[in-house]
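Participant: Dropping a structure here in C-alpha cells format, bear with me for questions.
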Amino acid sequence: MSIPQTGGGPIEHRDQLADYLESGCKPKDDWRIGTEHEKFGYCLDTHKPLPYEGDRSVHAMLSGLSTRYDWAPVREQGKLIGLTKGAANISLEPGGALELSGAPLETIHQTCDEVNTHLAQVKAIAGEIGVGFIGLGAAPNWLEDEVSLMPKGRYALMDRYMNKVGTTGTWMMRRTCTVQVNLDFGSESDMVQKFRVALALQPVATALFANSPFWEGKVNGWQSWRARIWRDLDKARTGMLPFVFEDGMGFDRYVDYALDVPMYFVYRDGKYIDALGMSFRDFLKGELPALPGEVPTMSDWADHLTTTFPEARIKKYMEMRGADAGPWRRLCALPAFWVGLLYDQGALDAAWDLCKDWTEQERAALHHDAAKYGLKAEIRGETMQDLARRCIDIANDGLVARARSGAGGLIPDETHFLDALRDIVTRGQTPSDELLAQYHGAWNGDVDKVFDEYSY
C-alpha cells in the first residue's frame with residue numbers, strides 16, 4: 001500500500017483537486033511503466049508467516065536489503081517500515097508481505113530487469129536467514145491470528161475500521177497479494193478512454209492471473225479468492241465505477257467520486273490522525289472533526305486518493321489493480337498486457353471496440369464471473385478464454401507498433417512478454433487451474449505443498 005504523499009500547500013478552491021489529477025497528463029514520449037508486486041514471506045521450516053521482528057522476520061529482510069544493496073531505510077515512529085532507492089521503494093503490506101513499487105521506466109524490458117534484480121536480491125537475503133517468498137493471490141493456509149499487523153499507523157486505523165464497513169477487509173489486509181501496473185495518460189480524453197477500457201477489461205486480467213484457489217487449507221471454490229475478498233471489503237471505495245462510462249466523465253467527475261469516499265486519516269508530523277468515516281468535503285470547509293478549523297493541503301488530497309480501491313483508479317497516473325500475485329515468470333506479463341492495450345492508439349481503439357457497448361450489468365457480471373470461473377466465464381455467449389485471446393492479440397499488435405527493442409537491439413519488441421498469457425489461453429488453464437490439478441493429483445490434497453513447488 002501507499003506511503004505518505006508529499007508536496008503542495010493548502011487547498012484554496014475545489015478546482016485544485018481536478019487540477020492535481022490533470023497535472024499528470026504527459027506527452028506520449030514521456031509515458032512510463034511502473035510495476036508493483038507483492039509476495040508473502042514465510043519461515044522455510046514451518047511455512048508460517050514472518051513476524052515483524054526476530055532473526056527470521058520482516059525487519060531482518062529489510063535490514064539485510066538495506067545493508068547489502070544500498071537501499072535507504074524508511075522509518076515511522078522509529079520503526080523500519082520500508083526502503084527507498086531513486087524512484088523505487090520497497091514497502092510493507094499490512095500483514096508483512098513485501099512490495100516492490102518500481103521506478104517509472106520506458107520499456108517492459110527495463111521493468112522486467114528491475115523485477116528480476118529485486119527478486120534475486122530478496123532471494124539472497126532470505127536464503128541466509130531461513131526465509132522463503134511465494135507469489136499467490138491469497139495465503140493458502142494461514143489463519144487470521146497467525147499474521148501480525150505491521151507497525152504502521154495507517155494500518156492500525158484501517159484495521160479498526162474494516163469490520164464496520166464490510167466483512168473481509170482484515171482478510172485483504174493480512175492475507176492477499178497482487179501485482180499491478182501503473183501507466184500514464186496524455187490528456188483528459190485519453191484518460192477517459194483508457195479508464196473505460198481498463199475497467200471493462202480488468203476482469204480479463206483477473207481471469208488470466210487468477211492464482212488463489214486455496215484458503216485456510218481448503219479449496220475455496222473461486223479462481224481468484226483475492227478478487228472475491230475485495231467484493232465485500234467496503235462498497236464505498238471498491239468496484240467497477242459505473243460513472244466512468246457515463247457522459248461527462250473527466251477529472252472533475254472523478255473528484256466527485258473521491259470526495260464521497262469516507263476518509264481514513266490525516267498525516268501530520270509523522271503521525272496518522274484518526275479521521276475514520278469523516279468527509280473530505282467537510283475538510284475542505286475547515287469542518288473536519290479530527291482537525292477543526294484546519295483546511296487540507298494537496299498532500300492530504302494525494303493521501304486520500306490512495307484510500308480509494310476500485311479495480312482501476314487514477315491519481316497522476318492510472319493503476320490496473322485486478323490481478324493476483326503470481327510466480328516470477330508471470331510478473332512481466334501484466335505490464336505487457338496493459339501496455340500493449342493502452343499505449344498504442346490503434347490497439348486502444350480496438351480494445352474499446354470489444355467492450356464499448358457492454359452494459360453496466362454485463363460488466364458487473366463479468367467482474368464476478370472472472371473471479372469465480374476464470375476462463376470459463378462468459379459474456380454475450382463468448383467465453384473468457386476466447387475474449388482473453390482476442391485481448392492478447394490486440395496487446396501483441398500494440399507492442400509491435402511500439403517497437404521497443406531490448407537486449408541491445410537483439411529483441412525487436414516486447415511481445416515475448418505475452419508468451420505466458422498465450423500459454424494460459426492455449427491450454428485453457430489459469431494458474432489456479434494448475435494449482436488445483438496439483439492439489440488433486442501429486443499433492444494428494446495437501447495445500448502446504450504449494451510452498452515447496454511454487455516459491456521464488
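Just so we're on the same page: first chain in the C-alpha cells is A, next is B, and so on; residues restart at 1 for each chain, and ligands are numbered from 1 in the order they show up.
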Taking the backbone alone, and naming residues the way the document does, which bits of region 132-277 of chain A are helix (DSSP H, G or I) by DSSP, as an MDAnalysis selection string?
Facilitator: chainID A and resid 144:146 153:165 169:175 188:208 225:231 242:245 251:260
Participant: Contacts between region 162-182 of chain A and region 327-431 of chain A, please, where a residue of region 327-431 of chain A counts if it comes within 9 Å (with only C-alpha atoms); show its shortest atom pair and distance in Å to one decimal, rows by chain and ascending number, as JSON lines.
Facilitator:
{"residue": "A:Leu331", "atom": "CA", "partner": "A:Val179", "partner_atom": "CA", "distance": 7.2}
{"residue": "A:Leu334", "atom": "CA", "partner": "A:Val181", "partner_atom": "CA", "distance": 6.9}
{"residue": "A:Pro335", "atom": "CA", "partner": "A:Val181", "partner_atom": "CA", "distance": 5.6}
{"residue": "A:Trp338", "atom": "CA", "partner": "A:Val181", "partner_atom": "CA", "distance": 7.7}
{"residue": "A:Val339", "atom": "CA", "partner": "A:Val181", "partner_atom": "CA", "distance": 8.8}
Participant: Please produce an output containing N, CA and C atoms for each residue in the selection, written as a PDB file, in the first residue's frame.
Facilitator:
ATOM      1  N   LEU A 331       5.296 -12.195 -13.746  1.00  0.00           N
ATOM      2  CA  LEU A 331       5.208 -10.823 -13.262  1.00  0.00           C
ATOM      3  C   LEU A 331       5.386  -9.796 -14.373  1.00  0.00           C
ATOM      4  N   LEU A 334       1.949  -8.896 -16.909  1.00  0.00           N
ATOM      5  CA  LEU A 334       0.883  -7.916 -16.670  1.00  0.00           C
ATOM      6  C   LEU A 334       1.184  -6.574 -17.325  1.00  0.00           C
ATOM      7  N   PRO A 335       2.373  -5.988 -17.138  1.00  0.00           N
ATOM      8  CA  PRO A 335       2.649  -4.745 -17.875  1.00  0.00           C
ATOM      9  C   PRO A 335       2.591  -4.939 -19.377  1.00  0.00           C
ATOM     10  N   TRP A 338      -1.198  -4.731 -20.429  1.00  0.00           N
ATOM     11  CA  TRP A 338      -1.828  -3.404 -20.390  1.00  0.00           C
ATOM     12  C   TRP A 338      -1.099  -2.372 -21.239  1.00  0.00           C
ATOM     13  N   VAL A 339       0.210  -2.424 -21.303  1.00  0.00           N
ATOM     14  CA  VAL A 339       0.940  -1.505 -22.196  1.00  0.00           C
ATOM     15  C   VAL A 339       0.526  -1.763 -23.638  1.00  0.00           C
TER      16      VAL A 339
END
Participant: So what do you get for CA of Pro49 (chain A) versus CA of Lys235 (chain A), distance-wise?
Facilitator: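 Separation between CA of Pro49 (chain A) and CA of Lys235 (chain A): 28.8 Å.
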Participant: Neighbours of Tyr317 (chain A) within 6 Å (only C-alpha atoms; same-chain residues fewer than 3 positions away dropped), as a PyMOL selection string?
Facilitator: chain A and resi 183-184+314
Participant: Could you check which of A:Leu199, A:Leu62, A:Ala124, A:Leu436 is closest to Ala364 (chain A), using only C-alpha atoms?
Facilitator: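 Of the candidates, the smallest distance to Ala364 (chain A) is held by A:Leu199.
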Participant: Determine the nearest neighbour of Ala302 (chain A) from the options A:Tyr373, A:Tyr20, A:Phe280, A:Phe265, counting only C-alpha atoms.
Facilitator: A:Tyr20
Participant: Can you pull out the residues contacting Thr308 (chain A)? Cut-off 6 Å, using only C-alpha atoms, and skip same-chain residues under 2 positions away; I want them as a ChimeraX atom specification.
Facilitator: /A:237,305-306
Participant: Could you check the closest approach to Asp446 (chain A) for each of A:Phe209, A:Phe185, A:Phe214, A:Tyr52 and tell me which residue wins, using only C-alpha atoms?
Facilitator: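 Under the stated criterion, the closest residue is A:Phe214.
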Participant: Of the candidates A:Ala336, A:Leu288, A:Ala323, A:Ile394, which one gets nearest to Ala371 (chain A) if we count only C-alpha atoms?
Facilitator: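 When distances to Ala371 (chain A) are compared using only C-alpha atoms, the smallest one comes from A:Ala323.
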